[in-house]
Structure formats: C-alpha cells, structure tokens
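Shown next, in structure tokens, is the structure this report addresses.
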Amino acid sequence: MTVRRFDLIAFDWDGTLFDSTAAIARSIQLAVADVGGTVPTDEQASYVIGMALLPALAHAAPDVPKDKYNDLASRYRYHYLKQQELITLFKGVLPMLEGLRERGHWLAVATGKSRRGLNEALQHVDLRGMFDSSRTADETAGKPHPLMLQELMAELGVQPERLLMIGDTTHDLQMAQNAGCASVGVAYGAHAGAELAACTPLHVACDVEDLHQWLRTNA
C-alpha cells in the first residue's frame, strides 16, 4: 500500500474544481464596461481570478475610481449569477475527490470566492459533506497571504509539510509557498502552465485525469 504523503489536500475552487474561468473573466469585463472603465483583455481578466473580489476588480480595472468599486462589485455579481446555473464541475472531479477520501485524506477548499458564493456552489454540485473544512476570501486574508492555509492547518491539526495546495493560479501557489506548504498547479484554468511552473510546484497537471493520476501515486 502506498504511504500517504499529505494528510490534508486543499483545493482552489474556480478553475481548479469548477469550470468557471471563462464565466468569471467575462463577468469582470461586462462589469467594468457597465461602470465606464477600460474593459480588460481576456488575459487581464483571467489573471485576477483567485484573488478576493475587490482587489481583483481593482487590479483588472485600474482606471475605475474607488468610489465606484461597490457598483463594480455589484455588476460583477449580477453578470456572474446570470451564468451560474450553466457552470459545472470539471469532468472527473467527483471520482478524484471520492478516491482521495477513500485513501483517508482530509479535503478542504481555499478560495477567493465569498462564503455565500461557495456555499451556493456546493449546493448546486451536490458536494455537501465532501470537504472537511473551507476558507473564503471574505472571512480571512485573501491570496497569496498564507492565513487561509494557516487557519485550515490549525483547525485540522496539520503541519505545513503535510498539506498540499492545488490551484490554477500563481496566487494559489504563492500562498502555498508563503505557508511553507507544497503545491500542484493545474494548467486547465486561469493561468498558463509556464506561469505556474515558475512557482516551483511539485507538478503541473494538464487536465483532471493527469491530476488524479499524479495524486494516486504521489499524495
């Protein structure tokens, strides 16, 4: 039997488990247009995915004045919610998570989403009870600050060397570095594989099947 290397595996949500990258980027672009800002490119809008909402929007729309940030966030939520019912888990995610639980891993979510947004997503994809804990950007420090992972480790009694962070952005991988934890990047989400590789993860997966196979033999 393979010896388990990591006790806790923490996943980012959007672009890692949930196929929502395009919807988020498009919602950012539409929101910026609604408040009169310069619409970011696809690359610029995708770059901020994973960050807390207001810092993400501010980064994607630097010419939008601060007094319009609340309107910008409101318009983003409006456009995203219009698409939410069409967004699903990536194919293969459920069997992967079930396999990890069968091996005795604790599972957690560390996401830039709000608590309300994550809870709604968990209801939509019928994942209640799959995760042992979670942290969202509105209840702790946003990525790449390590507090999200530090709180999960403290709650579950896990040391940094026994936690693996999996995410699709450099923000995720930098958060893991800042917390003293290992990471794996997934190149099917918001950031390109070369960007992820620069953060020295243990592996960069090209798809969910690749990620699942790596976890079977290395986690």
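Numbering starts fresh at 1 for the residues of each chain in the structure tokens, the chains themselves are lettered A, B, ... in the order given, and ligands are numbered from 1 as they appear.
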
Please produce, as a tab-separated table, a per-residue contact table for range 167-196 of chain A versus range 204-216 of chain A (criterion: any atom at most 10 Å away, only C-alpha atoms considered), showing the nearest atom pair and its distance in Å to one decimal, sorted by chain then residue number.
residue	atom	partner	partner_atom	distance
A:Gly167	CA	A:Val204	CA	9.6
A:Asp168	CA	A:Val204	CA	9.2
A:Ser183	CA	A:Val204	CA	9.2
A:Val184	CA	A:Val204	CA	5.9
A:Gly185	CA	A:Val204	CA	4.5
A:Val186	CA	A:Ala205	CA	4.7
A:Ala187	CA	A:Cys206	CA	5.2
A:Tyr188	CA	A:Asp207	CA	5.9
A:Gly189	CA	A:Asp207	CA	9.2
A:Ala192	CA	A:Val204	CA	9.9
A:Gly193	CA	A:Val204	CA	6.6
A:Ala194	CA	A:Val204	CA	9.0
A:Leu196	CA	A:Val204	CA	7.2

Please tabulate, as JSON lines, the residues of range 138-158 of chain A that come within 10 Å of range 47-53 of chain A, each with its closest pair of atoms and the distance in Å to one decimal, counting only C-alpha atoms and ordering rows by chain, then residue number upward.
{"residue": "A:Asp138", "atom": "CA", "partner": "A:Ala52", "partner_atom": "CA", "distance": 7.3}
{"residue": "A:Thr140", "atom": "CA", "partner": "A:Ala52", "partner_atom": "CA", "distance": 9.9}
{"residue": "A:Ala141", "atom": "CA", "partner": "A:Ala52", "partner_atom": "CA", "distance": 8.4}
{"residue": "A:Gly142", "atom": "CA", "partner": "A:Ala52", "partner_atom": "CA", "distance": 5.4}
{"residue": "A:Lys143", "atom": "CA", "partner": "A:Met51", "partner_atom": "CA", "distance": 5.6}
{"residue": "A:Pro144", "atom": "CA", "partner": "A:Met51", "partner_atom": "CA", "distance": 7.8}

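Distances to His191 in chain A were evaluated for A:Gln29, A:Thr170, A:Gln177, A:Ser134 using only C-alpha atoms, and the minimum falls at A:Thr170.
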
Where in range 12-217 of chain A does DSSP assign strand (DSSP E), given as a PyMOL selection string? chain A and resi 106-111+133-136+163-167+182-186+204-205

Residue with the minimum atom-to-atom distance to Glu120 in chain A, picked from A:Ala108, A:Leu81, A:Met148, A:Ala137 with only C-alpha atoms counted, is A:Leu81

Note to self: Set the distance at 6 Å and use only C-alpha atoms: which residues neighbour Ala219 in chain A once local chain neighbours fewer than 2 positions away are removed? I'd like the list as JSON, numbers by chain.
What the structure shows: {"A": [4, 5, 6, 215]}

Take the selection from the previous step and output its residues with C-alpha atoms, as a PDB file, in the first residue's frame.
ATOM      1  CA  ARG A   4       0.255   8.746   2.336  1.00  0.00           C
ATOM      2  CA  ARG A   5       2.480  11.808   1.926  1.00  0.00           C
ATOM      3  CA  PHE A   6      -0.123  14.501   2.683  1.00  0.00           C
ATOM      4  CA  LEU A 215      -2.353  12.257  -6.727  1.00  0.00           C
TER       5      LEU A 215
END

Distance query Ala182 in chain A at most 9 Å, only C-alpha atoms, self and fewer than 5 positions along chain excluded, as JSON, numbers by chain:
{"A": [160, 161, 162, 163, 164, 165, 166, 173, 176, 177, 201, 202]}

Keeping C-alpha atoms, export the residues of the selection given above as a PDB file, in the first residue's frame.
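Once written, selection_13.pdb looks like this:
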ATOM      1  CA  PRO A 160       2.815  22.565   6.782  1.00  0.00           C
ATOM      2  CA  GLU A 161       4.751  19.631   5.321  1.00  0.00           C
ATOM      3  CA  ARG A 162       1.583  17.513   5.436  1.00  0.00           C
ATOM      4  CA  LEU A 163      -0.592  19.932   3.440  1.00  0.00           C
ATOM      5  CA  LEU A 164      -0.789  20.051  -0.356  1.00  0.00           C
ATOM      6  CA  MET A 165      -2.383  23.064  -2.091  1.00  0.00           C
ATOM      7  CA  ILE A 166      -3.804  22.589  -5.579  1.00  0.00           C
ATOM      8  CA  LEU A 173       0.873  28.537  -5.497  1.00  0.00           C
ATOM      9  CA  ALA A 176       1.303  27.700  -0.512  1.00  0.00           C
ATOM     10  CA  GLN A 177       4.895  28.918  -0.631  1.00  0.00           C
ATOM     11  CA  PRO A 201       5.054  23.302  -7.727  1.00  0.00           C
ATOM     12  CA  LEU A 202       5.601  19.551  -7.430  1.00  0.00           C
TER      13      LEU A 202
END

Checklist line | Shell around Ala60 in chain A at 8 Å using only C-alpha atoms, local window under 6 positions removed, as a list in words | finding: Ile28, Pro40, Gln44, Ala45 and Val48 of chain A

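Considering the residues A:Asp34, A:Asp7, A:Asp63, A:Glu98 and counting only C-alpha atoms, Tyr76 in chain A has its shortest atom-to-atom contact with A:Asp34.
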
Determine, using only C-alpha atoms, which residues of range 49-112 of chain A have any atom at most 6 Å from an atom of range 11-19 of chain A, and tabulate each with its shortest atom pair and distance in Å to one decimal place, rows ordered by chain and then rising number, as a Markdown table.
| residue | atom | partner | partner_atom | distance |
| --- | --- | --- | --- | --- |
| A:Thr88 | CA | A:Asp19 | CA | 5.8 |
| A:Leu89 | CA | A:Phe18 | CA | 4.3 |
| A:Phe90 | CA | A:Asp19 | CA | 5.4 |
| A:Val109 | CA | A:Phe11 | CA | 4.8 |
| A:Ala110 | CA | A:Asp12 | CA | 5.2 |
| A:Thr111 | CA | A:Asp12 | CA | 5.1 |

For the residues in the current selection, export N, CA, C and O atoms as a CSV table (one decimal), in the first residue's frame.
chain,number,residue,atom,x,y,z
A,88,THR,N,-20.4,24.0,-14.2
A,88,THR,CA,-20.4,22.7,-13.5
A,88,THR,C,-18.9,22.3,-13.1
A,88,THR,O,-18.0,23.0,-13.5
A,89,LEU,N,-18.8,21.3,-12.4
A,89,LEU,CA,-17.5,20.7,-12.1
A,89,LEU,C,-16.9,20.2,-13.3
A,89,LEU,O,-17.5,19.8,-14.3
A,90,PHE,N,-15.5,20.3,-13.4
A,90,PHE,CA,-14.8,19.7,-14.4
A,90,PHE,C,-15.1,18.2,-14.4
A,90,PHE,O,-15.2,17.5,-13.4
A,109,VAL,N,-11.3,23.4,0.9
A,109,VAL,CA,-11.4,24.4,-0.1
A,109,VAL,C,-10.8,25.7,0.4
A,109,VAL,O,-11.1,26.1,1.5
A,110,ALA,N,-9.9,26.3,-0.4
A,110,ALA,CA,-9.3,27.6,-0.1
A,110,ALA,C,-9.5,28.4,-1.3
A,110,ALA,O,-8.8,28.3,-2.3
A,111,THR,N,-10.4,29.4,-1.2
A,111,THR,CA,-10.9,30.0,-2.4
A,111,THR,C,-11.1,31.5,-2.3
A,111,THR,O,-11.3,32.0,-1.2

Students should find that CA of Gly37 in chain A and CA of Arg75 in chain A are spaced 12.5 Å
